[in-house]
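Asks: If it helps, the file is called entry.cif and holds mmCIF, C-alpha atoms and all ligand atoms:
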data_model
loop_
_atom_site.label_atom_id
_atom_site.label_comp_id
_atom_site.auth_asym_id
_atom_site.auth_seq_id
_atom_site.Cartn_x
_atom_site.Cartn_y
_atom_site.Cartn_z
CA MET A 1 149.93 23.65 6.77
CA ASN A 2 149.76 27.14 8.11
CA ALA A 3 151.47 29.39 5.61
CA HIS A 4 153.35 31.13 8.41
CA GLN A 5 155.02 27.92 9.51
CA ALA A 6 158.47 27.29 8.14
CA LEU A 7 158.37 24.95 5.21
CA ALA A 8 160.43 21.81 5.13
CA VAL A 9 163.95 21.96 3.82
CA GLY A 10 164.07 23.05 0.20
CA GLU A 11 160.34 22.65 -0.21
CA PRO A 12 159.16 23.82 -3.62
CA ILE A 13 156.95 26.81 -4.16
CA GLY A 14 153.26 26.11 -4.31
CA ALA A 15 153.38 23.31 -1.74
CA GLN A 16 151.76 25.41 0.99
CA ALA A 17 148.06 25.94 1.67
CA ALA A 18 146.57 28.37 -0.79
CA THR A 19 145.19 30.89 1.68
CA SER A 20 145.51 34.50 0.68
CA PRO A 21 144.34 37.84 2.04
CA GLY A 22 141.24 37.41 -0.10
CA ASP A 23 140.20 34.33 1.86
CA ALA A 24 140.80 35.65 5.39
CA PRO A 25 138.09 34.04 7.50
CA ASP A 26 138.22 36.69 10.24
CA ALA A 27 138.67 39.93 8.36
CA MET A 28 139.44 43.22 10.05
CA VAL A 29 138.95 45.08 6.77
CA ARG A 30 136.79 43.79 3.94
CA PHE A 31 136.30 45.42 0.53
CA GLU A 32 133.19 44.09 -1.17
CA GLY A 33 132.69 44.90 -4.85
CA ILE A 34 134.39 48.27 -4.50
CA SER A 35 134.75 50.77 -7.28
CA LYS A 36 135.73 54.39 -6.91
CA VAL A 37 135.13 56.93 -9.63
CA TYR A 38 136.18 60.56 -9.25
CA PRO A 39 133.70 62.44 -11.41
CA ALA A 40 134.70 64.70 -14.31
CA TYR A 41 135.42 68.23 -13.17
CA ARG A 42 135.59 71.20 -15.56
CA ASP A 43 138.01 70.11 -18.32
CA LYS A 44 139.29 67.08 -16.34
CA PRO A 45 137.76 63.71 -17.29
CA GLY A 46 136.39 61.34 -14.66
CA VAL A 47 138.87 58.86 -13.16
CA HIS A 48 138.11 55.22 -12.44
CA ALA A 49 140.54 54.99 -9.49
CA LEU A 50 139.46 51.53 -8.23
CA GLN A 51 137.49 48.85 -10.05
CA GLY A 52 135.95 45.56 -8.93
CA LEU A 53 137.92 45.29 -5.71
CA ASP A 54 137.21 42.37 -3.38
CA LEU A 55 139.69 42.00 -0.58
CA ALA A 56 139.77 40.78 3.01
CA ILE A 57 142.55 41.83 5.36
CA ALA A 58 142.92 39.42 8.27
CA ARG A 59 142.67 40.59 11.87
CA GLY A 60 146.15 41.07 13.36
CA SER A 61 147.92 40.80 10.00
CA ILE A 62 150.46 43.10 8.39
CA THR A 63 149.43 43.59 4.77
CA GLY A 64 151.42 45.54 2.23
CA VAL A 65 149.51 47.21 -0.60
CA ILE A 66 151.95 48.02 -3.37
CA GLY A 67 151.47 49.80 -6.66
CA ARG A 68 152.99 52.42 -8.91
CA SER A 69 152.03 56.08 -8.68
CA GLY A 70 148.36 56.51 -9.59
CA ALA A 71 147.53 52.81 -9.08
CA GLY A 72 144.87 53.69 -6.50
CA LYS A 73 146.69 53.09 -3.19
CA SER A 74 145.69 56.35 -1.51
CA SER A 75 142.10 55.95 -2.69
CA LEU A 76 142.07 52.49 -1.12
CA VAL A 77 143.39 53.77 2.20
CA ARG A 78 140.96 56.72 2.27
CA LEU A 79 138.10 54.25 1.79
CA ILE A 80 139.23 52.28 4.85
CA ASN A 81 139.11 55.30 7.14
CA GLY A 82 135.95 56.67 5.58
CA LEU A 83 137.54 59.83 4.14
CA GLU A 84 136.16 58.76 0.76
CA LYS A 85 132.94 56.92 -0.06
CA PRO A 86 132.97 54.12 -2.62
CA THR A 87 131.04 54.63 -5.85
CA THR A 88 129.82 51.04 -5.59
CA GLY A 89 130.24 48.36 -2.95
CA ARG A 90 131.04 48.67 0.73
CA VAL A 91 134.03 48.70 3.05
CA VAL A 92 133.54 46.84 6.32
CA VAL A 93 136.02 47.62 9.11
CA ASP A 94 135.86 45.53 12.27
CA GLY A 95 132.35 44.41 11.37
CA ARG A 96 131.03 47.92 10.64
CA ASP A 97 130.15 49.24 7.18
CA ILE A 98 132.28 52.38 7.33
CA SER A 99 131.07 53.52 3.92
CA ALA A 100 127.53 53.88 5.33
CA LEU A 101 128.56 56.04 8.32
CA ALA A 102 128.49 59.81 8.49
CA GLY A 103 128.85 62.61 11.06
CA ARG A 104 129.40 61.60 14.67
CA ASN A 105 129.12 57.88 13.96
CA LEU A 106 131.86 58.12 11.34
CA ARG A 107 134.09 60.15 13.68
CA LEU A 108 133.64 57.55 16.43
CA ALA A 109 134.50 54.72 14.03
CA GLN A 110 137.57 56.65 12.85
CA ARG A 111 138.97 56.60 16.40
CA SER A 112 139.60 52.90 15.99
CA ILE A 113 141.54 53.50 12.75
CA GLY A 114 144.93 55.18 13.18
CA MET A 115 146.91 56.62 10.30
CA ILE A 116 150.51 57.65 9.70
CA PHE A 117 151.77 59.68 6.76
CA GLN A 118 154.85 60.20 4.62
CA HIS A 119 155.32 63.78 5.79
CA PHE A 120 154.22 63.07 9.37
CA ASN A 121 151.50 65.80 9.38
CA LEU A 122 152.47 67.14 12.81
CA LEU A 123 151.37 70.56 14.04
CA SER A 124 154.52 72.68 14.14
CA SER A 125 153.14 74.89 16.94
CA ARG A 126 152.70 71.94 19.30
CA THR A 127 155.32 69.92 21.14
CA ALA A 128 155.67 66.18 20.57
CA ALA A 129 153.54 65.50 23.68
CA ASP A 130 150.86 67.97 22.61
CA ASN A 131 150.72 66.52 19.08
CA ILE A 132 150.15 63.08 20.59
CA ALA A 133 147.51 64.52 22.96
CA LEU A 134 145.49 66.06 20.13
CA PRO A 135 143.23 63.10 19.24
CA LEU A 136 142.60 62.52 22.95
CA GLU A 137 141.58 66.17 23.44
CA ILE A 138 139.23 65.86 20.47
CA ALA A 139 137.80 62.65 21.97
CA GLY A 140 137.15 64.57 25.21
CA TRP A 141 139.49 62.66 27.52
CA PRO A 142 140.07 64.24 30.99
CA LYS A 143 143.39 66.12 31.28
CA ALA A 144 144.99 63.77 33.82
CA GLU A 145 144.21 60.73 31.68
CA ILE A 146 145.63 62.44 28.61
CA ARG A 147 148.86 63.17 30.48
CA ALA A 148 149.24 59.56 31.57
CA ARG A 149 148.38 58.15 28.15
CA VAL A 150 150.79 60.50 26.36
CA ALA A 151 153.64 59.49 28.70
CA GLU A 152 152.86 55.85 28.01
CA LEU A 153 152.84 56.45 24.23
CA LEU A 154 156.08 58.44 24.24
CA ALA A 155 157.75 55.51 26.03
CA LEU A 156 156.17 52.98 23.66
CA VAL A 157 157.67 54.67 20.60
CA GLY A 158 161.03 55.28 22.30
CA ILE A 159 161.08 59.09 22.60
CA ALA A 160 160.21 59.66 26.27
CA ASP A 161 162.98 62.27 26.40
CA LYS A 162 161.53 64.31 23.52
CA ALA A 163 158.13 65.18 25.05
CA ASP A 164 158.73 68.93 25.06
CA ARG A 165 160.46 69.21 21.70
CA TYR A 166 158.77 70.90 18.73
CA PRO A 167 158.68 69.08 15.37
CA SER A 168 161.38 71.39 13.99
CA GLU A 169 163.72 70.08 16.70
CA LEU A 170 163.17 66.43 15.81
CA SER A 171 164.75 64.16 13.18
CA GLY A 172 162.58 62.51 10.52
CA GLY A 173 162.56 59.24 12.42
CA GLN A 174 161.61 60.98 15.67
CA LYS A 175 158.81 62.88 13.91
CA GLN A 176 157.44 59.59 12.58
CA ARG A 177 157.58 58.15 16.11
CA VAL A 178 155.42 61.07 17.22
CA GLY A 179 153.10 60.34 14.29
CA ILE A 180 152.88 56.69 15.33
CA ALA A 181 152.19 57.57 18.97
CA ARG A 182 149.46 60.01 17.88
CA ALA A 183 147.92 57.37 15.60
CA LEU A 184 147.84 54.86 18.48
CA ALA A 185 146.53 57.32 21.09
CA THR A 186 142.88 56.26 20.95
CA ARG A 187 143.83 52.55 20.94
CA PRO A 188 142.87 51.79 17.33
CA ASN A 189 142.70 48.22 16.11
CA VAL A 190 143.78 49.17 12.59
CA LEU A 191 146.84 51.24 11.70
CA LEU A 192 147.07 52.60 8.15
CA SER A 193 150.52 53.56 6.96
CA ASP A 194 150.58 55.70 3.81
CA GLU A 195 154.20 55.71 2.55
CA ALA A 196 155.26 56.31 6.16
CA THR A 197 158.93 55.58 5.53
CA SER A 198 159.28 57.06 2.04
CA ALA A 199 160.90 60.25 3.35
CA LEU A 200 163.36 58.41 5.62
CA ASP A 201 166.86 57.05 5.04
CA PRO A 202 167.30 53.24 4.95
CA GLN A 203 168.57 52.94 8.52
CA THR A 204 165.74 55.03 9.97
CA THR A 205 163.27 53.14 7.76
CA ARG A 206 164.52 49.90 9.28
CA ALA A 207 164.04 51.25 12.83
CA ILE A 208 160.50 52.51 12.09
CA LEU A 209 159.53 49.22 10.43
CA ASP A 210 160.89 47.34 13.47
CA LEU A 211 158.77 49.57 15.71
CA LEU A 212 155.66 48.85 13.60
CA ALA A 213 156.40 45.11 13.77
CA SER A 214 156.61 45.24 17.57
CA ILE A 215 153.37 47.26 17.76
CA ASN A 216 151.66 44.60 15.66
CA ARG A 217 153.09 41.84 17.83
CA GLU A 218 152.49 43.37 21.24
CA LEU A 219 149.24 45.27 20.69
CA GLY A 220 147.74 43.03 18.00
CA VAL A 221 147.02 46.06 15.80
CA THR A 222 146.22 45.14 12.18
CA ILE A 223 148.58 47.09 9.92
CA VAL A 224 147.88 48.07 6.31
CA LEU A 225 150.99 49.44 4.62
CA ILE A 226 150.62 51.46 1.47
CA THR A 227 153.90 51.71 -0.39
CA HIS A 228 155.59 51.80 -3.76
CA GLU A 229 158.69 50.09 -2.33
CA MET A 230 158.97 46.31 -2.32
CA SER A 231 161.81 46.55 0.21
CA VAL A 232 159.28 47.87 2.77
CA VAL A 233 156.88 45.02 2.01
CA ARG A 234 159.73 42.54 2.31
CA GLN A 235 160.89 43.88 5.67
CA LEU A 236 157.51 44.13 7.38
CA ALA A 237 154.53 42.54 5.66
CA LYS A 238 153.37 38.94 5.74
CA GLU A 239 150.74 39.45 3.03
CA VAL A 240 150.95 41.55 -0.09
CA VAL A 241 148.37 42.96 -2.47
CA VAL A 242 149.66 44.33 -5.78
CA ILE A 243 147.43 46.89 -7.46
CA ASP A 244 147.70 48.39 -10.89
CA ALA A 245 145.33 50.79 -12.65
CA GLY A 246 142.76 50.37 -9.87
CA ARG A 247 142.67 46.58 -9.90
CA ILE A 248 144.26 43.86 -7.79
CA VAL A 249 146.63 42.07 -10.13
CA GLU A 250 148.20 39.70 -7.62
CA ARG A 251 148.02 38.92 -3.93
CA GLY A 252 149.24 36.34 -1.48
CA HIS A 253 151.85 35.59 1.15
CA VAL A 254 154.96 37.69 0.73
CA ALA A 255 157.28 34.68 0.53
CA ASP A 256 155.15 33.10 -2.23
CA ILE A 257 154.99 36.30 -4.23
CA PHE A 258 158.73 36.82 -3.91
CA THR A 259 159.56 33.33 -5.07
CA ASN A 260 157.00 33.07 -7.83
CA PRO A 261 155.64 36.44 -8.99
CA GLN A 262 153.11 36.02 -11.79
CA HIS A 263 152.21 39.51 -12.97
CA PRO A 264 154.76 41.65 -14.85
CA ILE A 265 154.17 44.54 -12.42
CA THR A 266 154.97 42.28 -9.47
CA GLN A 267 158.00 40.91 -11.28
CA SER A 268 159.30 44.42 -11.87
CA PHE A 269 158.82 45.39 -8.19
CA ILE A 270 160.71 42.30 -7.10
CA ALA A 271 163.49 42.80 -9.62
CA GLU A 272 164.10 46.18 -7.95
CA VAL A 273 164.90 44.61 -4.60
CA VAL A 274 166.10 41.08 -5.17
CA GLY A 275 169.64 41.21 -6.39
CA ASP A 276 169.14 38.38 -8.82
CA SER A 277 172.19 39.33 -10.78
CA LEU A 278 174.63 36.50 -11.19
CA PRO A 279 178.23 36.69 -10.00
CA VAL A 280 180.17 38.60 -12.68
CA SER A 281 182.46 35.64 -13.26
CA LEU A 282 179.45 33.50 -14.19
CA ALA A 283 177.46 36.18 -16.07
CA SER A 284 180.42 36.96 -18.34
CA ARG A 285 180.71 33.29 -19.33
CA LEU A 286 177.00 32.81 -20.17
CA ARG A 287 176.20 32.02 -23.82
CA ALA A 288 172.79 31.82 -25.48
CA GLN A 289 173.72 28.72 -27.52
CA PRO A 290 174.85 25.34 -26.15
CA VAL A 291 178.61 24.95 -25.77
CA ALA A 292 180.10 21.57 -26.74
CA GLY A 293 180.99 19.69 -23.55
CA GLY A 294 179.57 22.53 -21.46
CA GLN A 295 176.63 22.91 -19.10
CA ALA A 296 173.09 24.28 -19.39
CA VAL A 297 172.53 26.94 -16.71
CA ILE A 298 169.20 26.94 -14.87
CA ARG A 299 168.03 29.11 -12.00
CA VAL A 300 165.66 27.43 -9.51
CA GLN A 301 163.56 29.27 -6.89
CA VAL A 302 163.64 27.60 -3.48
CA ARG A 303 162.17 28.31 -0.06
CA GLY A 304 162.18 27.08 3.52
CA THR A 305 164.75 26.77 6.28
CA GLY A 306 167.94 25.49 4.66
CA ALA A 307 166.32 26.30 1.33
CA GLY A 308 167.90 24.39 -1.47
CA ASP A 309 170.31 22.39 0.67
CA THR A 310 168.91 19.14 -0.59
CA LEU A 311 168.10 20.06 -4.17
CA VAL A 312 171.43 19.12 -5.69
CA ALA A 313 171.43 15.80 -3.80
CA ARG A 314 167.85 15.05 -4.87
CA LEU A 315 168.65 15.70 -8.52
CA ALA A 316 171.59 13.30 -8.29
CA ARG A 317 169.51 10.65 -6.53
CA GLU A 318 166.19 10.96 -8.36
CA VAL A 319 167.24 12.05 -11.85
CA GLY A 320 170.69 10.51 -11.85
CA ILE A 321 172.41 13.71 -12.98
CA ASP A 322 175.24 15.33 -11.04
CA VAL A 323 174.54 19.03 -11.35
CA ALA A 324 177.01 21.73 -10.36
CA LEU A 325 175.99 24.48 -7.92
CA LEU A 326 177.13 27.67 -9.69
CA ALA A 327 175.55 30.37 -7.49
CA ALA A 328 173.11 30.68 -4.60
CA ARG A 329 171.26 33.51 -2.94
CA ILE A 330 168.96 33.19 0.07
CA ASP A 331 167.00 36.07 1.67
CA GLU A 332 164.60 36.21 4.57
CA VAL A 333 161.22 37.34 3.28
CA GLY A 334 157.96 37.35 5.24
CA GLY A 335 159.72 35.36 7.97
CA GLN A 336 160.84 32.60 5.60
CA HIS A 337 164.00 31.82 3.74
CA VAL A 338 163.53 32.22 0.03
CA GLY A 339 166.08 32.38 -2.71
CA SER A 340 167.48 30.93 -5.85
CA LEU A 341 170.07 28.36 -6.81
CA THR A 342 171.81 28.55 -10.14
CA ILE A 343 172.84 25.10 -11.32
CA GLY A 344 174.89 23.81 -14.22
CA ILE A 345 173.75 20.63 -15.98
CA PRO A 346 176.29 18.64 -17.98
CA GLY A 347 175.28 16.10 -20.61
CA GLY A 348 173.62 18.12 -23.34
CA GLU A 349 170.04 19.05 -24.09
CA GLY A 350 168.58 15.68 -23.07
CA ALA A 351 169.89 16.03 -19.52
CA ALA A 352 168.75 19.65 -19.30
CA GLN A 353 165.25 18.64 -20.35
CA GLN A 354 165.19 15.82 -17.79
CA VAL A 355 166.09 18.24 -15.00
CA LEU A 356 163.56 20.87 -16.16
CA THR A 357 160.83 18.22 -16.31
CA TRP A 358 161.69 16.95 -12.82
CA LEU A 359 161.69 20.53 -11.44
CA ALA A 360 158.30 21.25 -13.01
CA GLN A 361 156.85 17.97 -11.71
CA HIS A 362 158.03 18.88 -8.21
CA GLN A 363 156.67 22.43 -8.48
CA PHE A 364 159.97 24.26 -8.45
CA ALA A 365 159.78 27.46 -10.48
CA SER A 366 162.82 27.55 -12.76
CA GLU A 367 164.21 29.38 -15.78
CA ARG A 368 166.92 28.59 -18.23
CA LEU A 369 169.60 31.29 -18.27
CA GLY A 370 171.87 29.94 -21.03
CA HIS A 371 174.99 27.83 -21.27
CA VAL A 372 178.60 27.86 -20.07
CA ALA A 373 181.64 26.02 -21.28
N1 LIG B 1 140.26 63.62 -5.30
C1 LIG B 1 140.51 63.18 -6.53
N2 LIG B 1 139.88 63.71 -7.60
C2 LIG B 1 140.11 63.26 -8.86
N3 LIG B 1 140.97 62.28 -9.15
C3 LIG B 1 141.64 61.71 -8.13
C4 LIG B 1 141.46 62.13 -6.78
N4 LIG B 1 142.26 61.38 -5.99
C5 LIG B 1 142.91 60.52 -6.81
N5 LIG B 1 142.54 60.71 -8.09
C6 LIG B 1 143.01 59.95 -9.27
O1 LIG B 1 142.74 58.57 -9.03
C7 LIG B 1 143.83 57.75 -9.49
C8 LIG B 1 144.38 56.97 -8.31
O2 LIG B 1 144.99 57.90 -7.41
P1 LIG B 1 145.58 57.49 -5.98
O3 LIG B 1 146.04 58.75 -5.32
O4 LIG B 1 144.60 56.65 -5.27
O5 LIG B 1 146.82 56.59 -6.44
P2 LIG B 1 148.16 56.24 -5.66
O6 LIG B 1 148.46 54.84 -6.04
O7 LIG B 1 148.01 56.55 -4.23
O8 LIG B 1 149.20 57.21 -6.32
P3 LIG B 1 150.40 58.04 -5.62
O9 LIG B 1 151.36 57.01 -5.12
O10 LIG B 1 150.94 58.85 -6.76
O11 LIG B 1 149.76 58.84 -4.55
C9 LIG B 1 144.83 58.70 -10.11
O12 LIG B 1 144.59 58.72 -11.49
C10 LIG B 1 144.51 60.04 -9.48
O13 LIG B 1 144.83 61.09 -10.36
#
Can you give me the file's structure in the form of structure tokens?

Replies:
Amino acid sequence: MNAHQALAVGEPIGAQAATSPGDAPDAMVRFEGISKVYPAYRDKPGVHALQGLDLAIARGSITGVIGRSGAGKSSLVRLINGLEKPTTGRVVVDGRDISALAGRNLRLAQRSIGMIFQHFNLLSSRTAADNIALPLEIAGWPKAEIRARVAELLALVGIADKADRYPSELSGGQKQRVGIARALATRPNVLLSDEATSALDPQTTRAILDLLASINRELGVTIVLITHEMSVVRQLAKEVVVIDAGRIVERGHVADIFTNPQHPITQSFIAEVVGDSLPVSLASRLRAQPVAGGQAVIRVQVRGTGAGDTLVARLAREVGIDVALLAARIDEVGGQHVGSLTIGIPGGEGAAQQVLTWLAQHQFASERLGHVA
């Protein structure tokens, strides 16, 4: 099964093909045995920013790279566009070893790698149109062609009416649209986004992420998103790579990672965005110890269109226990429905164990939350 296809109703986690960004057969970006050490300088010790990194980013994909401050995200992105050289290993972009290029060859390769930034990095003395024209001027395009291309780009990012405005006259979202148009000017096949929505409000973030999604869809540009916000990964990416202290600690399809995060760092990122709090009425009744005549409370992660619809029925049919549905939450993540069902199991510890065993056998991730009367 292709991991991007919808899974069958209420299908458990782990039932899909185990492809991950690391296995991408047709990689647009490939890190091979990468480490990056910033050498000691005066009284500052050397920093091992990236260590033992092997990663393939599939052509045409949208991959989120998430990590806390200092995890190595910016180092990773600067290696992709050749602004930094690896200490060991090589970075291959669209079949070319970018880490081996220098001078004119590097500059030519960089034209096929666009980049957008948190603070937009626009020239305040140039209008929106002239900011977008800049990379084309540097590439030596004829004036008439630049004019036509800039008009096309302004329309593409939805600010055709702002061509003659200076950055100071534009909103944050409009400035980022200029940044995106400039990044796409030389028709790159990779777009690197370094915290591009971190300075924007949620509504503008949504609009910019929608624009990036349509650019990926319509132009086929591979997008690598560097972020410290799981909400950004959830809205846009299909694949996610979690880095911590210079190492990849977890990676995979966004829906898988959301439903079954393994590493504590990933779990903490997800806890920030998935409102997995229980309804107050249920949370206030939860007890750590069994309650005579009560129910054990278990949360089960589910995925797929209609996620979880059949779980309660299957438990009744296959285990012979009528469980109560106490709470449910379903989100759309990476184009799939994922969520959790909180169920109550009557009949004491024996019944609870039977249900937990059945869930484990059928590869549903679950956790026991406590007991209610
Ligand atoms: N040019 C440099 N010289 C020395 N050390 C550096 C340099 N650039 C980054 N580092 C160090 O390398 C480590 C990784 O930094 P990097 O900027 O790649 O992380 P990050 O995940 O992007 O963090 P942030 O989100 O805070 O920008 C940090 O310890 C940082 O201090």

Asks: I want to know what sits within 10 Å of A:Ile66, based on all atoms listed in the file, with residues of the same chain fewer than 4 positions away left out; could you give that as number ranges by chain?

Replies: A: 71-73, 195, 225-230, 232-233, 240-244, 248, 251, 265-266, 269

Asks: Go ahead and write the selection's residues with C-alpha atoms as a PDB file, keeping the file's coordinate frame.

Replies:
ATOM      1  CA  ALA A  71     147.530  52.810  -9.080  1.00  0.00           C
ATOM      2  CA  GLY A  72     144.870  53.690  -6.500  1.00  0.00           C
ATOM      3  CA  LYS A  73     146.690  53.090  -3.190  1.00  0.00           C
ATOM      4  CA  GLU A 195     154.200  55.710   2.550  1.00  0.00           C
ATOM      5  CA  LEU A 225     150.990  49.440   4.620  1.00  0.00           C
ATOM      6  CA  ILE A 226     150.620  51.460   1.470  1.00  0.00           C
ATOM      7  CA  THR A 227     153.900  51.710  -0.390  1.00  0.00           C
ATOM      8  CA  HIS A 228     155.590  51.800  -3.760  1.00  0.00           C
ATOM      9  CA  GLU A 229     158.690  50.090  -2.330  1.00  0.00           C
ATOM     10  CA  MET A 230     158.970  46.310  -2.320  1.00  0.00           C
ATOM     11  CA  VAL A 232     159.280  47.870   2.770  1.00  0.00           C
ATOM     12  CA  VAL A 233     156.880  45.020   2.010  1.00  0.00           C
ATOM     13  CA  VAL A 240     150.950  41.550  -0.090  1.00  0.00           C
ATOM     14  CA  VAL A 241     148.370  42.960  -2.470  1.00  0.00           C
ATOM     15  CA  VAL A 242     149.660  44.330  -5.780  1.00  0.00           C
ATOM     16  CA  ILE A 243     147.430  46.890  -7.460  1.00  0.00           C
ATOM     17  CA  ASP A 244     147.700  48.390 -10.890  1.00  0.00           C
ATOM     18  CA  ILE A 248     144.260  43.860  -7.790  1.00  0.00           C
ATOM     19  CA  ARG A 251     148.020  38.920  -3.930  1.00  0.00           C
ATOM     20  CA  ILE A 265     154.170  44.540 -12.420  1.00  0.00           C
ATOM     21  CA  THR A 266     154.970  42.280  -9.470  1.00  0.00           C
ATOM     22  CA  PHE A 269     158.820  45.390  -8.190  1.00  0.00           C
TER      23      PHE A 269
END

Asks: Let me make sure I understand: among A:Ser268, A:Thr357, A:Asn189, A:Thr197, which one has the smallest atom-to-atom distance to A:Arg68 if we use all atoms listed in the file?

Replies: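 Looking only at the distances to A:Arg68, the closest residue turns out to be A:Ser268.
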
Asks: Taking 3 positions as the minimum chain separation for residues in the same chain, which residues sit within 12 Å of stretch 280-297 of chain A when counting all atoms listed in the file? Answer as a ChimeraX atom specification.

Replies: /A:276-277,300,321-328,341-356,366-373

Asks: Take the residues from that selection and write them out as an mmCIF file, in the coordinates of the input, keeping C-alpha atoms.

Replies:
data_model
loop_
_atom_site.group_PDB
_atom_site.id
_atom_site.type_symbol
_atom_site.label_atom_id
_atom_site.label_comp_id
_atom_site.auth_asym_id
_atom_site.auth_seq_id
_atom_site.Cartn_x
_atom_site.Cartn_y
_atom_site.Cartn_z
ATOM 1 C CA ASP A 276 169.140 38.380 -8.820
ATOM 2 C CA SER A 277 172.190 39.330 -10.780
ATOM 3 C CA VAL A 300 165.660 27.430 -9.510
ATOM 4 C CA ILE A 321 172.410 13.710 -12.980
ATOM 5 C CA ASP A 322 175.240 15.330 -11.040
ATOM 6 C CA VAL A 323 174.540 19.030 -11.350
ATOM 7 C CA ALA A 324 177.010 21.730 -10.360
ATOM 8 C CA LEU A 325 175.990 24.480 -7.920
ATOM 9 C CA LEU A 326 177.130 27.670 -9.690
ATOM 10 C CA ALA A 327 175.550 30.370 -7.490
ATOM 11 C CA ALA A 328 173.110 30.680 -4.600
ATOM 12 C CA LEU A 341 170.070 28.360 -6.810
ATOM 13 C CA THR A 342 171.810 28.550 -10.140
ATOM 14 C CA ILE A 343 172.840 25.100 -11.320
ATOM 15 C CA GLY A 344 174.890 23.810 -14.220
ATOM 16 C CA ILE A 345 173.750 20.630 -15.980
ATOM 17 C CA PRO A 346 176.290 18.640 -17.980
ATOM 18 C CA GLY A 347 175.280 16.100 -20.610
ATOM 19 C CA GLY A 348 173.620 18.120 -23.340
ATOM 20 C CA GLU A 349 170.040 19.050 -24.090
ATOM 21 C CA GLY A 350 168.580 15.680 -23.070
ATOM 22 C CA ALA A 351 169.890 16.030 -19.520
ATOM 23 C CA ALA A 352 168.750 19.650 -19.300
ATOM 24 C CA GLN A 353 165.250 18.640 -20.350
ATOM 25 C CA GLN A 354 165.190 15.820 -17.790
ATOM 26 C CA VAL A 355 166.090 18.240 -15.000
ATOM 27 C CA LEU A 356 163.560 20.870 -16.160
ATOM 28 C CA SER A 366 162.820 27.550 -12.760
ATOM 29 C CA GLU A 367 164.210 29.380 -15.780
ATOM 30 C CA ARG A 368 166.920 28.590 -18.230
ATOM 31 C CA LEU A 369 169.600 31.290 -18.270
ATOM 32 C CA GLY A 370 171.870 29.940 -21.030
ATOM 33 C CA HIS A 371 174.990 27.830 -21.270
ATOM 34 C CA VAL A 372 178.600 27.860 -20.070
ATOM 35 C CA ALA A 373 181.640 26.020 -21.280
#

Asks: Kindly provide the residues of chain A that approach ligand LIG 1 (chain B) to within 10 Å, each paired with its closest atom pair and their distance in Å to one decimal, based on only C-alpha atoms and all ligand atoms, listed by chain and increasing number, as a Markdown table.

Replies:
| residue | atom | partner | partner_atom | distance |
| --- | --- | --- | --- | --- |
| A:Lys36 | CA | B:LIG1 | O1 | 8.4 |
| A:Val37 | CA | B:LIG1 | O1 | 7.8 |
| A:Tyr38 | CA | B:LIG1 | C2 | 4.8 |
| A:Pro39 | CA | B:LIG1 | C2 | 6.9 |
| A:Ala40 | CA | B:LIG1 | C2 | 7.8 |
| A:Tyr41 | CA | B:LIG1 | C2 | 8.1 |
| A:Lys44 | CA | B:LIG1 | C2 | 8.4 |
| A:Pro45 | CA | B:LIG1 | C2 | 8.8 |
| A:Gly46 | CA | B:LIG1 | C2 | 7.2 |
| A:Val47 | CA | B:LIG1 | O1 | 5.7 |
| A:His48 | CA | B:LIG1 | O1 | 6.7 |
| A:Ala49 | CA | B:LIG1 | O1 | 4.2 |
| A:Leu50 | CA | B:LIG1 | C8 | 7.3 |
| A:Val65 | CA | B:LIG1 | O6 | 9.4 |
| A:Ile66 | CA | B:LIG1 | O6 | 8.1 |
| A:Gly67 | CA | B:LIG1 | O6 | 5.9 |
| A:Arg68 | CA | B:LIG1 | O6 | 5.9 |
| A:Ser69 | CA | B:LIG1 | O10 | 3.5 |
| A:Gly70 | CA | B:LIG1 | O8 | 3.4 |
| A:Ala71 | CA | B:LIG1 | O6 | 3.8 |
| A:Gly72 | CA | B:LIG1 | O4 | 3.2 |
| A:Lys73 | CA | B:LIG1 | O6 | 3.8 |
| A:Ser74 | CA | B:LIG1 | O7 | 3.6 |
| A:Ser75 | CA | B:LIG1 | O4 | 3.7 |
| A:Leu76 | CA | B:LIG1 | O4 | 6.4 |
| A:Val77 | CA | B:LIG1 | O4 | 8.1 |
| A:Arg78 | CA | B:LIG1 | O4 | 8.4 |
| A:Leu79 | CA | B:LIG1 | O4 | 9.9 |
| A:Glu84 | CA | B:LIG1 | N1 | 8.8 |
| A:Asp194 | CA | B:LIG1 | O7 | 8.5 |
| A:Glu195 | CA | B:LIG1 | O9 | 8.3 |
| A:Ile226 | CA | B:LIG1 | O7 | 8.1 |
| A:Thr227 | CA | B:LIG1 | O9 | 7.5 |
| A:His228 | CA | B:LIG1 | O9 | 6.8 |
| A:Ile243 | CA | B:LIG1 | O6 | 8.1 |
| A:Asp244 | CA | B:LIG1 | O6 | 8.1 |
| A:Ala245 | CA | B:LIG1 | C8 | 7.6 |
| A:Gly246 | CA | B:LIG1 | C8 | 7.0 |

Asks: Quick one: distance from atom CA of A:Ala360 to atom CA of A:Val333 in Å, one decimal?

Replies: 23.1 Å

Asks: Using all atoms listed in the file, determine which residues lie at most 8 Å from stretch 160-171 of chain A, disregarding the query and same-chain residues fewer than 6 positions distant; provide the list as a list in words.

Replies: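 Answer for this query is Leu122, Leu123, Ser124, Ser125, Arg126, Thr127, Ala128, Ala129, Ala151 and Leu154 of chain A.
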
Asks: Return the single residue from A:Gly82, A:Pro202, A:Gly173, A:Gly95 that is closest to A:Gln118, with distances computed using all atoms listed in the file.

Replies: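 With all atoms listed in the file as the atom set, the closest residue is A:Gly173.
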
Asks: Rank nothing, just name the residue among A:Ala313, A:Ala213, A:Val302, A:Val221 nearest to A:Arg329, using only C-alpha atoms.

Replies: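 Of all the options, A:Val302 lies closest to A:Arg329.
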